[in-house]
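> First, the structure itself, so that you have it in front of you.
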Amino acid sequence: MLSQLRTIWTILKHTFSRNETVQYPEEMPYLAPRYRGRIILTRDPDGEERCVACNLCAVACPVDCIALQKTETDGGRWYPEFFRINFSRCIMCGMCEEACPTYAIQLTPDFELCEYDRPNMVYEKEHLLIDGPGKYPDYSFWHVAGKAITGKDKGTAENEKPPVQVRSLLP
Amino acid sequence: MTTINIDGSDYEVAAGENLLKAALSHHQDLPYFCWHPSLGSVGACRQCAVVQYQNPEDTRGRLVMACMTPVVDGMRVSVKAPNAVGFRAGVIEWLMENHPHDCPVCEEGGECHLQDMTVMTGHTSRRYRGQKRTFENQYLGPFLNHEMNRCITCYRCVRYYRDYAGGTDLQALGSRDRMYFGRFEDGVLDNIFAGNLVEVCPTGVFTDKPFSRTYTRKWDLQSAPSVCQGCSAGCNIFASERYGKLKRVHNRYHKDINGYFLCDRGRFGSSFVNSDLRLRQAGVRIEADLFQQVSIEAATQHLRDLADSGDVVGIGSPRASLEDNFALMSLVGEANFSCGMNDVEAAMMDQIFDLYAKTPDAVATITALERADVTLVFGDDPMNAAPRVALAIRQAARNVHFDMAVQAGVPTWQDAGVRGHAQHALSPLYIATPLPTGLDDVARQTSHAAPADLAVLGLQIADQIASPPSDDAEGFVANIARDLLAAQHPTCVCGTASAEPAVMQAFAAIITALIKAGRKPQMLCTSAEVNSFGVRRFAGLSLQGALDRMQQGSNAMVLQNDLYRREIPAMVSAALAGAGRVLVLDSFETATANAADIVLPVTTYAEHTGTVVNCEGRAQRAYQVFEAEGQDIQPAWRWLSDFEHIDDVLHACAALPAFEGLEAVSPEAGYRTATNSRVPRATHRFSGRTAATAHVSVHEPKTSVDTDTPFSFSMEGENTGQAGALIPYVWSPGWNSNQSLFKFQQEVGGSLTGGEPGVRLGFAPSKSSADGSASSRTKPATGEVNLIPHPQTFGSDELSSLVGAIVERCAPPTLWLNPDDARALGLSSRDGATWPDAKTTYLVQLSDQVTPGNALASVGVGTGQSVLPRDAVTLIKDSAFTPPPDLIARG
Ligand code: SF4
Ligand code: SF4
Ligand code: SF4
Ligand code: SF4
Ligand code: FES
């Protein structure tokens, strides 16, 4: 009896407290930059595609909703020929972002992914790729990697010595 | 057997072994780099350190390199001792000091032995803050990428390439921390086994170039155990697919065949499956050059009508599986079936069958050739005919090293010691072929002559074996006879490539003479195609007989066979023109398919399951890797018969006397592992399942159920503990690279845990009585030459020649002439020469090894059609010819 009265009292008290319901979509909630919503592919500071088609995101994805195929530019840069995310399967876990060694794949605070037709939830590279670097504005994988590409010869990446003179006999 | 104690447990190991191999044979996780089961130990990388204790009281022990330490009875070692663990972690840390930040863009990533060992030793972040050393890369040809920054200086590449495969153009260059593994200058790696560097190099320095172009991580590949279609050796391969394309081929260990290595024709030529020339629809000719697509039902009706017509010949094929050939034979009847080889080749196959049937114990396995103490290579060049066999013969030339090592008390696995002690000593290897071979550098003596002359030489050898030469008799024949008689494992290898039955006759005489002399010879005969040794077991018409009947108006069904490659083109055209209706079942658009009335598309080895028989008489199953794209494509046996399952076809075929024992070839569709699971084609990390086809339909398709094999088309199942024939890929926890193979072996370099794949069939004497004791070739008149076909490693094989990288590696059509003949004909080196009905102009090469009056013409790519041996051909100089640039130029 006492507990029932206490329950009624608690509920009644709520009549005077502040309303928690947000009038979405007129009123948008605050989402931190690190909120895990719709996925994007970003570009490096030079404006080139960051993704090197390494497949780490795809293998990390617990629902296997990322599929891609590696290809290569004439200059030696690896990039995905196609990159597909099936958002109707994605659980926004962020594993892909966690796995990505180039910061190419990032989750954004946009969670508004509603469609009447499931096929519209399948995003190709042209839907995913944005024009900027996203969360890590300065990082460029190719400036760190040892593989040469057009515009970055051997020995010119960060922390690299110039290429060895194999014919040198100096001790 | 010796007992050793590792970390408190006793293990039985083979006496005299090194500790690393012994530990790995007990499936211990002990890191290593430079040791390789086929290359032995050199102790270069210092990664395999363990602690060895002096006696039971010793608690400190000392660090030793496991790969350099022989096992002794009662020895006590520890893999887990803290100072061993720390030492190994330190070694990795040094190795990684200069290692590039490349894994995401490295083709080795995900199957990298260096990654595995780094994780195993626990090295996670680079503490060294210095700058990284870098190297320039080289262009190495169409097969291999070079990325020297990733090298860890283990020396495996040069030890394999130079010491094992006999290459000369890859070396360890430079000094101290500038060690460079490459060529003197950019250029195509010359050795035809260079592709094995992909698997031998524990890092991503040498990677598969064609695979890299449309790269897929190992974990994303769908794979099945398969058999290389490149020649009659029947090497075992892992064939792997992704997105409907055959992506790459890796070596699948077989103790008796290919061991750890493949040849480049097999490794890079197996992707003919993806050819643009694939047939994907059934078609019926409605006009001279117009086919109309028809449904499966309509096409099947056409096939039935033809079968019921009462007058139909069936032409099978040595590149089609036993099941497919059997289905055709059953449909048309034995009397109307031809195995599809030309009559010369068929006659030589019959001679081989007779010889094998007479001396079944003498038929060697391919790896048994490695144990030969005296070898005779007779008649044709195995480097071209069945390259993997040549690699085995090369190892035989080294056997004397091991004998010398044993005498000197050096363990045979102590590679540097064995080589240093033996220096340039070589076991006797004699070569008698039409042209110099890739094995001549390790031969004691060679003799190069036209096939007809080789036959005479062979009979002389046989005579000398029967009446042994005196000890001081000199000369090629006497030396061979004497050495073969003195040998413990006298070994002789022949093949059908010379297209000269007299050669095979002489070879048989040599073997027979050796047996009569009380010796126990080993022998092996190779042929050109993957299933020559299978299809020749079906009796029936000769190809000539089949073509004659076609010319007289019979209907015909041709199974996976381009007749223009078999016989003289004019004869084939006449047969096709005269025939009633011609139905061709093939995977590719061939000249024969283009001349057919009905064309039915069939699957390739990667898209169906099929059985083939190799040159040792071993039947093996190549399992389906993936489902063919195109609704109309089905295996030929499905088109041709009413059998429901492949196993039913196999059983029916096995009922024929020639195929006794065939059922044992491999487990049937109902096979399940100990946990009652299927074996998965995909790895357990296979990615993208819910996205790969989402652009077509967002509803994931139901996984196909494989009713023909014990494999699943998914990651479901268990890739452990199964029969040896059913390993789709190797992987073991912590071992993502191909080095994980040892977890599937009973002992390193020994049998597979699940037993050896395949079954060796017996041989029965052929029904034909081929008599080729004397060559039927006539001496050419002046101004004429006899044409001899000369197959090449790259380009002569029909299927691999559909692959771009192989074509890139092909030499131009070449004609080898004796300088005297050339002078008489007014030809000089690098001129162009042709003959009246030749399809192209050949580049002239002069060699005094060519018997006067003969010309050897390369077969295959660029030559239009294959050349059959022909007498008395008049060569014409093509003055408009410009010789092509040298192949070894920078690409
Ligand atoms: S957020 Fe999670 S579920 Fe979605 S794509 Fe990334 S890894 Fe896959
Ligand atoms: S992990 Fe990053 S770089 Fe690798 S494929 Fe995915 S998005 Fe591209
Ligand atoms: S060799 Fe191995 S460790 Fe080195 S970059 Fe390639 S995958 Fe990574
Ligand atoms: S290239 Fe590869 S095999 Fe050769 S030394 Fe370097 S890491 Fe070893
Ligand atoms: S494997 Fe023993 S030192 Fe390299």
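Chain labels A, B, ... are given in the sequence in which chains occur in the structure tokens; within each chain residues are numbered consecutively from 1, and ligands are likewise numbered from 1 in the order shown.
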Please provide the set of residues having any atom within 9 Å of Arg89 of chain A, restricted to only C-alpha atoms, with same-chain residues fewer than 5 positions apart removed, written as a list in words.

Val63, Asp64, Cys65 and Met121 of chain A; Thr690 and Ala691 of chain B

> Using only C-alpha atoms and all ligand atoms, which residues of the polymer chains come no farther than 8 Å from ligand 2? I'd like the answer as a list in words.

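My answer, listing the contacting residues, is Leu41, Arg50, Cys51, Val52, Ala53, Cys54, Asn55, Leu56, Cys57, Ala58, Leu68, Tyr79, Pro80, Cys96, Glu97, Ala99, Cys100, Pro101, Thr102, Tyr103, Ala104 and Ile105 of chain A; Pro104 of chain B.
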
> Using only C-alpha atoms and all ligand atoms, pick whichever of B:Gln739, B:Asn18, B:Ser427, B:Gln171 has the shortest atom-to-atom distance to ligand 4.

B:Gln171

> Using only C-alpha atoms, determine which residues lie at most 9 Å from segment 131-145 of chain A, disregarding the query and same-chain residues fewer than 6 positions distant; provide the list as a VMD selection string.

(chain A and resid 33 to 34 40 to 50 52 77 101 to 104 106 108 152 156 to 160) or (chain B and resid 100 to 103 105)

> Per residue of chain B within 12 Å of ligand 3, note the shortest atom pair and the distance in Å to one decimal, counting only C-alpha atoms and all ligand atoms, and order the rows by chain and increasing residue number, as a Markdown table.


```
| residue | atom | partner | partner_atom_place_in_ligand_line | distance |
| --- | --- | --- | --- | --- |
| B:Ile92 | CA | ligand 3 | 3 (S) | 10.9 |
| B:Leu95 | CA | ligand 3 | 3 (S) | 10.3 |
| B:Met96 | CA | ligand 3 | 3 (S) | 8.4 |
| B:Glu97 | CA | ligand 3 | 4 (Fe) | 11.4 |
| B:Asn98 | CA | ligand 3 | 4 (Fe) | 10.2 |
| B:His99 | CA | ligand 3 | 4 (Fe) | 6.5 |
| B:Pro100 | CA | ligand 3 | 5 (S) | 6.1 |
| B:His101 | CA | ligand 3 | 5 (S) | 6.2 |
| B:Asp102 | CA | ligand 3 | 5 (S) | 4.1 |
| B:Cys103 | CA | ligand 3 | 8 (Fe) | 3.5 |
| B:Pro104 | CA | ligand 3 | 8 (Fe) | 7.2 |
| B:Val105 | CA | ligand 3 | 5 (S) | 7.4 |
| B:Cys106 | CA | ligand 3 | 6 (Fe) | 4.6 |
| B:Glu107 | CA | ligand 3 | 6 (Fe) | 6.6 |
| B:Glu108 | CA | ligand 3 | 7 (S) | 4.5 |
| B:Gly109 | CA | ligand 3 | 7 (S) | 3.4 |
| B:Gly110 | CA | ligand 3 | 7 (S) | 6.5 |
| B:Glu111 | CA | ligand 3 | 7 (S) | 7.3 |
| B:Cys112 | CA | ligand 3 | 2 (Fe) | 4.7 |
| B:His113 | CA | ligand 3 | 2 (Fe) | 6.8 |
| B:Leu114 | CA | ligand 3 | 2 (Fe) | 5.2 |
| B:Gln115 | CA | ligand 3 | 3 (S) | 4.6 |
| B:Asp116 | CA | ligand 3 | 3 (S) | 8.3 |
| B:Met117 | CA | ligand 3 | 3 (S) | 9.3 |
| B:Thr118 | CA | ligand 3 | 3 (S) | 8.0 |
| B:Val119 | CA | ligand 3 | 3 (S) | 10.0 |
| B:His123 | CA | ligand 3 | 3 (S) | 11.7 |
| B:Thr124 | CA | ligand 3 | 3 (S) | 11.5 |
| B:His146 | CA | ligand 3 | 1 (S) | 11.4 |
| B:Glu147 | CA | ligand 3 | 1 (S) | 9.0 |
| B:Met148 | CA | ligand 3 | 1 (S) | 9.7 |
| B:Asn149 | CA | ligand 3 | 4 (Fe) | 8.6 |
| B:Arg150 | CA | ligand 3 | 1 (S) | 5.3 |
| B:Cys151 | CA | ligand 3 | 1 (S) | 7.5 |
| B:Ile152 | CA | ligand 3 | 1 (S) | 8.8 |
| B:Val198 | CA | ligand 3 | 1 (S) | 11.3 |
| B:Glu199 | CA | ligand 3 | 1 (S) | 11.9 |
| B:Cys201 | CA | ligand 3 | 1 (S) | 9.2 |
| B:Pro202 | CA | ligand 3 | 1 (S) | 7.4 |
| B:Thr203 | CA | ligand 3 | 1 (S) | 3.8 |
| B:Gly204 | CA | ligand 3 | 1 (S) | 3.9 |
| B:Val205 | CA | ligand 3 | 1 (S) | 6.7 |
| B:Phe206 | CA | ligand 3 | 1 (S) | 9.4 |
| B:Thr207 | CA | ligand 3 | 6 (Fe) | 9.8 |
| B:Arg217 | CA | ligand 3 | 7 (S) | 10.6 |
| B:Lys218 | CA | ligand 3 | 7 (S) | 11.7 |
| B:Asn736 | CA | ligand 3 | 7 (S) | 11.0 |
| B:Ser737 | CA | ligand 3 | 2 (Fe) | 9.9 |
```

> Those residues with C-alpha atoms, as a JSON list (two decimals), in the first residue's frame please?


```json
[["chain", "number", "residue", "atom", "x", "y", "z"],
["B", 92, "ILE", "CA", 61.87, -8.83, -35.06],
["B", 95, "LEU", "CA", 64.02, -6.36, -38.78],
["B", 96, "MET", "CA", 61.18, -3.87, -38.50],
["B", 97, "GLU", "CA", 63.41, -0.84, -37.95],
["B", 98, "ASN", "CA", 63.39, 0.00, -41.63],
["B", 99, "HIS", "CA", 60.17, -1.69, -42.57],
["B", 100, "PRO", "CA", 57.84, 0.55, -44.57],
["B", 101, "HIS", "CA", 54.37, 1.50, -43.39],
["B", 102, "ASP", "CA", 52.96, -0.54, -46.28],
["B", 103, "CYS", "CA", 50.69, -3.30, -45.02],
["B", 104, "PRO", "CA", 47.47, -1.69, -46.33],
["B", 105, "VAL", "CA", 48.94, -1.40, -49.84],
["B", 106, "CYS", "CA", 50.99, -4.59, -49.70],
["B", 107, "GLU", "CA", 49.84, -7.67, -51.60],
["B", 108, "GLU", "CA", 51.29, -9.83, -48.85],
["B", 109, "GLY", "CA", 49.09, -8.28, -46.16],
["B", 110, "GLY", "CA", 46.82, -10.79, -44.51],
["B", 111, "GLU", "CA", 48.99, -13.70, -45.60],
["B", 112, "CYS", "CA", 52.35, -12.28, -44.63],
["B", 113, "HIS", "CA", 54.76, -14.48, -42.74],
["B", 114, "LEU", "CA", 56.48, -11.36, -41.42],
["B", 115, "GLN", "CA", 53.18, -10.03, -40.06],
["B", 116, "ASP", "CA", 52.50, -13.39, -38.45],
["B", 117, "MET", "CA", 55.92, -13.62, -36.85],
["B", 118, "THR", "CA", 55.73, -10.00, -35.67],
["B", 119, "VAL", "CA", 52.42, -10.65, -33.97],
["B", 123, "HIS", "CA", 56.29, -6.57, -31.31],
["B", 124, "THR", "CA", 53.61, -3.93, -31.76],
["B", 146, "HIS", "CA", 59.31, -5.87, -56.81],
["B", 147, "GLU", "CA", 59.11, -3.77, -53.63],
["B", 148, "MET", "CA", 62.54, -3.92, -52.04],
["B", 149, "ASN", "CA", 61.74, -1.72, -49.03],
["B", 150, "ARG", "CA", 59.95, -4.69, -47.50],
["B", 151, "CYS", "CA", 62.98, -6.99, -47.52],
["B", 152, "ILE", "CA", 64.20, -8.51, -44.26],
["B", 198, "VAL", "CA", 55.81, -15.07, -54.41],
["B", 199, "GLU", "CA", 55.49, -17.88, -51.89],
["B", 201, "CYS", "CA", 59.73, -14.68, -49.93],
["B", 202, "PRO", "CA", 58.27, -14.31, -46.44],
["B", 203, "THR", "CA", 57.46, -10.64, -47.11],
["B", 204, "GLY", "CA", 55.89, -8.59, -49.87],
["B", 205, "VAL", "CA", 59.06, -7.98, -51.91],
["B", 206, "PHE", "CA", 58.06, -10.36, -54.69],
["B", 207, "THR", "CA", 54.32, -10.45, -55.34],
["B", 217, "ARG", "CA", 43.01, -10.36, -49.69],
["B", 218, "LYS", "CA", 43.47, -14.04, -48.94],
["B", 736, "ASN", "CA", 47.88, -16.68, -41.95],
["B", 737, "SER", "CA", 50.50, -17.20, -44.61]]
```

> Could you please select, counting only C-alpha atoms, the residues of chain B within 8 Å of chain A and state them as a ChimeraX atom specification?

/B:100-102,104-105,130-136,147,149,173-176,178-180,213-217,685-692,694-695,697-698

> Residues within 8 Å of ligand 5 (only C-alpha atoms and all ligand atoms), as a list in words?

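Checked against 8 Å with only C-alpha atoms and all ligand atoms; the hits are Leu20, Pro31, Tyr32, Phe33, Cys34, Trp35, His36, Ser41, Val42, Gly43, Ala44, Cys45, Arg46, Gln47, Cys48, Ala49, Met65, Ala66, Cys67, Met68 and Cys154 of chain B.
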
> Would you kindly return, as number ranges by chain, each protein, DNA or RNA residue with an atom no farther than 8 Å from any atom of Gln722 of chain B, considering only C-alpha atoms and excluding same-chain residues fewer than 6 positions away?

B: 673-674, 679, 754

> Write out as a ChimeraX atom specification each polymer residue whose atoms come within 8 Å of segment 621-636 of chain B, counting only C-alpha atoms; drop sequence neighbours fewer than 3 positions from it.

/B:222-227,239-241,244,280-282,295-296,324,327,559,585,600-612,639-640,665-666,681,709,713,725,758

> Report the residues of segment 9-137 of chain A whose backbone DSSP state falls under strand (DSSP E), written as a list in words.

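DSSP on the backbone gives strand (DSSP E) at Ile39, Ile40, Leu41, Ile66, Ala67, Leu68, Gln69, Lys70, Thr71, Glu72, Trp78, Tyr79, Pro80, Glu81, Phe82, Phe83, Arg84, Ile85, Asn86, Ile105, Gln106, Leu107, Val122 and Tyr123 of chain A.
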
> Quick one: residues within 10 Å of Thr168 of chain B, only C-alpha atoms counted, chain neighbours fewer than 2 positions away excluded, as a PyMOL selection string?

chain B and resi 158+161-163+165-166+170-171+183+189-191

> For ligand 1, which residue out of A:Phe82, A:Phe111, A:Phe16, A:Tyr116 is the nearest one, using only C-alpha atoms and all ligand atoms?

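With only C-alpha atoms and all ligand atoms as the atom set, the closest residue is A:Phe111.
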